[in-house]
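*Asks:* For reference, the structure I am asking about is given below.
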Amino acid sequence: MGACNSGKMQSPIDMLNERVKMVSHLGLLDRTYWPSNATLINRGHDMMLRWPGGAGHIQINGTQYHLRQSHWHSPSEHTINGRRFDMEIHLVHQSNDNRTAVIVILYKIGRPDSFLSMMKRNLEAVADTRDVEKVVGFIDPELIKFGSRKYYRYIGSLTTPPCTENVIWTIVRKVRTVSREQVELIRDAVHDDSEANARPIQPINGRKVELYRPNDREN
């Protein structure tokens, strides 16, 4: 638990406009995903979709990070200018030398999210079971829509113990929509007496937060 209490690079953070530096050198998000066998598990504090054999990768600074799992938090953990959203998904990737990179998509209440609509029956099936890994067949992570080329980037930590630091966070700038029923389905799974499974905002401690915006050449 040490890093959770004493770490200086903890997550989540607030992406405050004054603190964010606009850059174009980070490059477009380079992701290569493919359909792969997946399992779904209700971990009590969240719902986790896992690809045991991997389902593709992203490339950051020349390093490949392999997609391992995704899970949902409601309300969102990250905030933009102090605004907390209704939900966020974390796509957790790991490199061969055990470094972690997480992609985040934020959601507000609106039209249903197509990926969650597709997953609805599977999510309902594990809503009342704890720690039982259910095989859900081939799931294509490509169907988790990003919707924007712009993204925030900063170095932080895992948001659950042991709160390991030096995690590369990428937060997609566009806030997507999700229906109230879908948020409730994710929340109903959280049986540990807390309605929310989001860690509070952590101090920035002078870290840089960049917002990647493609320049005209890349568009």
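Here, A, B, ... name the chains of the structure tokens in the order displayed, residue numbers run from 1 inside each chain, and ligands are numbered from 1 in the same displayed order.
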Residues within 9 Å of region 41-49 of chain A, please, as a VMD selection string. Count only C-alpha atoms; anything in the same chain fewer than 5 positions from it doesn't count.

*Replies:* chain A and resid 68 to 73 123 126 to 135 186 to 187 189 to 192 194 196 to 197

*Asks:* Applying 10 Å and only C-alpha atoms, which residues near Ser95 (chain A) remain after dropping the ones on its own chain fewer than 4 positions away? List them as a ChimeraX atom specification.

*Replies:* /A:57-59,63-67,99-101

*Asks:* Next, the residues of the selection above should be written as a short mmCIF file (atom, residue, chain, number, x, y, z; two decimals), in the first residue's frame with N, CA and C atoms.

*Replies:*
```
data_model
loop_
_atom_site.label_atom_id
_atom_site.label_comp_id
_atom_site.auth_asym_id
_atom_site.auth_seq_id
_atom_site.Cartn_x
_atom_site.Cartn_y
_atom_site.Cartn_z
N HIS A 57 -2.40 -4.94 -29.68
CA HIS A 57 -1.49 -4.09 -28.92
C HIS A 57 -1.60 -2.64 -29.35
N ILE A 58 -1.00 -1.78 -28.54
CA ILE A 58 -0.79 -0.39 -28.94
C ILE A 58 0.72 -0.16 -28.94
N GLN A 59 1.13 0.88 -29.64
CA GLN A 59 2.55 1.21 -29.70
C GLN A 59 2.74 2.61 -29.13
N THR A 63 7.53 1.21 -28.15
CA THR A 63 7.32 -0.01 -27.36
C THR A 63 5.92 -0.56 -27.59
N GLN A 64 5.83 -1.88 -27.76
CA GLN A 64 4.52 -2.52 -27.90
C GLN A 64 3.95 -2.87 -26.54
N TYR A 65 2.71 -2.47 -26.32
CA TYR A 65 1.99 -2.81 -25.09
C TYR A 65 0.81 -3.69 -25.50
N HIS A 66 0.74 -4.89 -24.94
CA HIS A 66 -0.28 -5.86 -25.34
C HIS A 66 -1.55 -5.69 -24.50
N LEU A 67 -2.69 -5.71 -25.17
CA LEU A 67 -3.96 -5.56 -24.47
C LEU A 67 -4.23 -6.80 -23.61
N ARG A 99 5.85 -3.19 -18.21
CA ARG A 99 5.39 -1.81 -18.00
C ARG A 99 3.92 -1.74 -18.41
N THR A 100 3.21 -0.81 -17.83
CA THR A 100 1.76 -0.72 -18.04
C THR A 100 1.37 0.57 -18.76
N ALA A 101 0.43 0.45 -19.69
CA ALA A 101 -0.14 1.61 -20.37
C ALA A 101 -1.66 1.42 -20.39
#
```

*Asks:* Mind checking DSSP for region 27-187 of chain A and telling me the helix (DSSP H, G or I) residues as a list in words?

*Replies:*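 Helix (DSSP H, G or I) assignments inside region 27-187 of chain A correspond to Ser114, Phe115, Leu116, Ser117, Met118, Met119, Lys120, Arg121, Asn122, Leu123, Glu124, Ala125, Val126, Pro141, Glu142, Leu143, Arg180, Glu181, Gln182, Val183, Glu184, Leu185, Ile186 and Arg187 of chain A.
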
*Asks:* Kindly save the residues from that selection, with C-alpha atoms included, as a short mmCIF file (atom, residue, chain, number, x, y, z; two decimals), in the first residue's frame.

*Replies:*
```
data_model
loop_
_atom_site.label_atom_id
_atom_site.label_comp_id
_atom_site.auth_asym_id
_atom_site.auth_seq_id
_atom_site.Cartn_x
_atom_site.Cartn_y
_atom_site.Cartn_z
CA SER A 114 -22.89 0.00 -28.80
CA PHE A 115 -20.18 -2.12 -27.17
CA LEU A 116 -22.06 -2.31 -23.85
CA SER A 117 -25.28 -3.09 -25.74
CA MET A 118 -23.49 -6.05 -27.29
CA MET A 119 -22.12 -7.14 -23.88
CA LYS A 120 -25.42 -6.69 -22.03
CA ARG A 121 -26.42 -10.35 -21.70
CA ASN A 122 -22.94 -11.37 -20.59
CA LEU A 123 -22.80 -8.58 -18.01
CA GLU A 124 -26.22 -9.55 -16.66
CA ALA A 125 -25.11 -13.18 -16.44
CA VAL A 126 -22.24 -12.35 -14.06
CA PRO A 141 -11.73 -4.75 -28.70
CA GLU A 142 -11.85 -2.73 -31.93
CA LEU A 143 -15.59 -2.37 -31.16
CA ARG A 180 -28.44 5.32 -17.69
CA GLU A 181 -29.43 1.62 -17.81
CA GLN A 182 -25.94 0.69 -18.95
CA VAL A 183 -24.32 2.63 -16.12
CA GLU A 184 -26.69 0.95 -13.66
CA LEU A 185 -25.82 -2.48 -15.05
CA ILE A 186 -22.11 -1.79 -14.42
CA ARG A 187 -22.88 -0.35 -10.97
#
```

*Asks:* Extract, using only C-alpha atoms, all DNA, RNA and protein residues at most 6 Å from Val20 (chain A), discarding same-chain residues fewer than 3 positions from it, and format them as an MDAnalysis selection string.

*Replies:* chainID A and resid 17 209:210

*Asks:* Those same residues, written as a compact mmCIF listing (two decimals), in the first residue's frame with N, CA and C atoms?

*Replies:*
```
# COMPACT_ATOMS: atom_id res chain seq x y z
N ASN A 17 -7.46 22.83 -17.77
CA ASN A 17 -6.96 23.52 -18.97
C ASN A 17 -5.64 24.24 -18.77
N VAL A 209 1.05 17.40 -18.18
CA VAL A 209 -0.10 16.79 -18.82
C VAL A 209 -0.15 17.36 -20.23
N GLU A 210 -0.11 16.49 -21.22
CA GLU A 210 -0.11 16.97 -22.60
C GLU A 210 -1.42 16.60 -23.28
```

*Asks:* Within 9 Å of Leu16 (chain A), counting only C-alpha atoms, which residues qualify if same-chain residues fewer than 2 places away don't, as a PyMOL selection string?

*Replies:* chain A and resi 13-14+18-20+79-82+209

*Asks:* Of the residues A:His78, A:Lys150, A:Arg176, A:Arg50, which is the one nearest to Ile201 (chain A), using only C-alpha atoms?

*Replies:*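 Of all the options, A:His78 lies closest to Ile201 (chain A).
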
*Asks:* With only C-alpha atoms as the atoms that count, which of A:Arg199, A:Arg111, A:His25, A:His93 lies nearest to Ser74 (chain A)?

*Replies:* A:Arg199

*Asks:* DSSP on the backbone: which residues in region 36-126 of chain A end up as strand (DSSP E or B)? Give the answer as a PyMOL selection string.

*Replies:* chain A and resi 36-42+47-50+56-60+63-73+79-80+83-84+87-94+100-109

*Asks:* Which region 83-186 of chain A residues have any atom within 9 Å of an atom of region 204-207 of chain A, and for each, what is the nearest pair of atoms with distance in Å to one decimal, counting only C-alpha atoms, rows sorted by chain and number, as JSON lines?

*Replies:*
```
{"residue": "A:Tyr154", "atom": "CA", "partner": "A:Arg207", "partner_atom": "CA", "distance": 7.5}
{"residue": "A:Ile155", "atom": "CA", "partner": "A:Arg207", "partner_atom": "CA", "distance": 7.6}
{"residue": "A:Gly156", "atom": "CA", "partner": "A:Arg207", "partner_atom": "CA", "distance": 8.9}
```

*Asks:* Using only C-alpha atoms, which of A:Arg83, A:Lys145, A:Lys21, A:Lys108 sits nearest Tyr33 (chain A)?

*Replies:* A:Lys145

*Asks:* Calculated over only C-alpha atoms, which of the candidates A:Glu165, A:Asp97, A:Asp113, A:Glu77 has the smallest distance to Cys4 (chain A)?

*Replies:*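 Smallest separation from Cys4 (chain A) among the options: A:Glu165.
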
*Asks:* What separation in Å, quoted to one decimal, exists between CA of Arg213 (chain A) and CA of Asn61 (chain A)?

*Replies:*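 Answer for the CA of Arg213 (chain A) to CA of Asn61 (chain A) separation: 16.6 Å.
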
*Asks:* Quick one: pull the distance between CA of Ile144 (chain A) and CA of Leu26 (chain A), Å, one decimal.

*Replies:*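 If I compute the distance from CA of Ile144 (chain A) to CA of Leu26 (chain A), I get 21.9 Å.
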
*Asks:* With distances taken over only C-alpha atoms, which of A:Asn5, A:Ser11, A:Ser76, A:Ser36 is nearest to Ser157 (chain A)?

*Replies:*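 Looking at the shortest contact to Ser157 (chain A), the residue is A:Ser11.
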
*Asks:* Hey, which of A:Ile139, A:Leu40, A:Val167, A:Leu106 ends up closest to Gln10 (chain A)? Count only C-alpha atoms.

*Replies:*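 Selected residue with least distance to Gln10 (chain A): A:Val167.
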
*Asks:* Just how far from CA of Gly27 (chain A) is CA of Asn215 (chain A), in Å to one decimal?

*Replies:* 9.4 Å
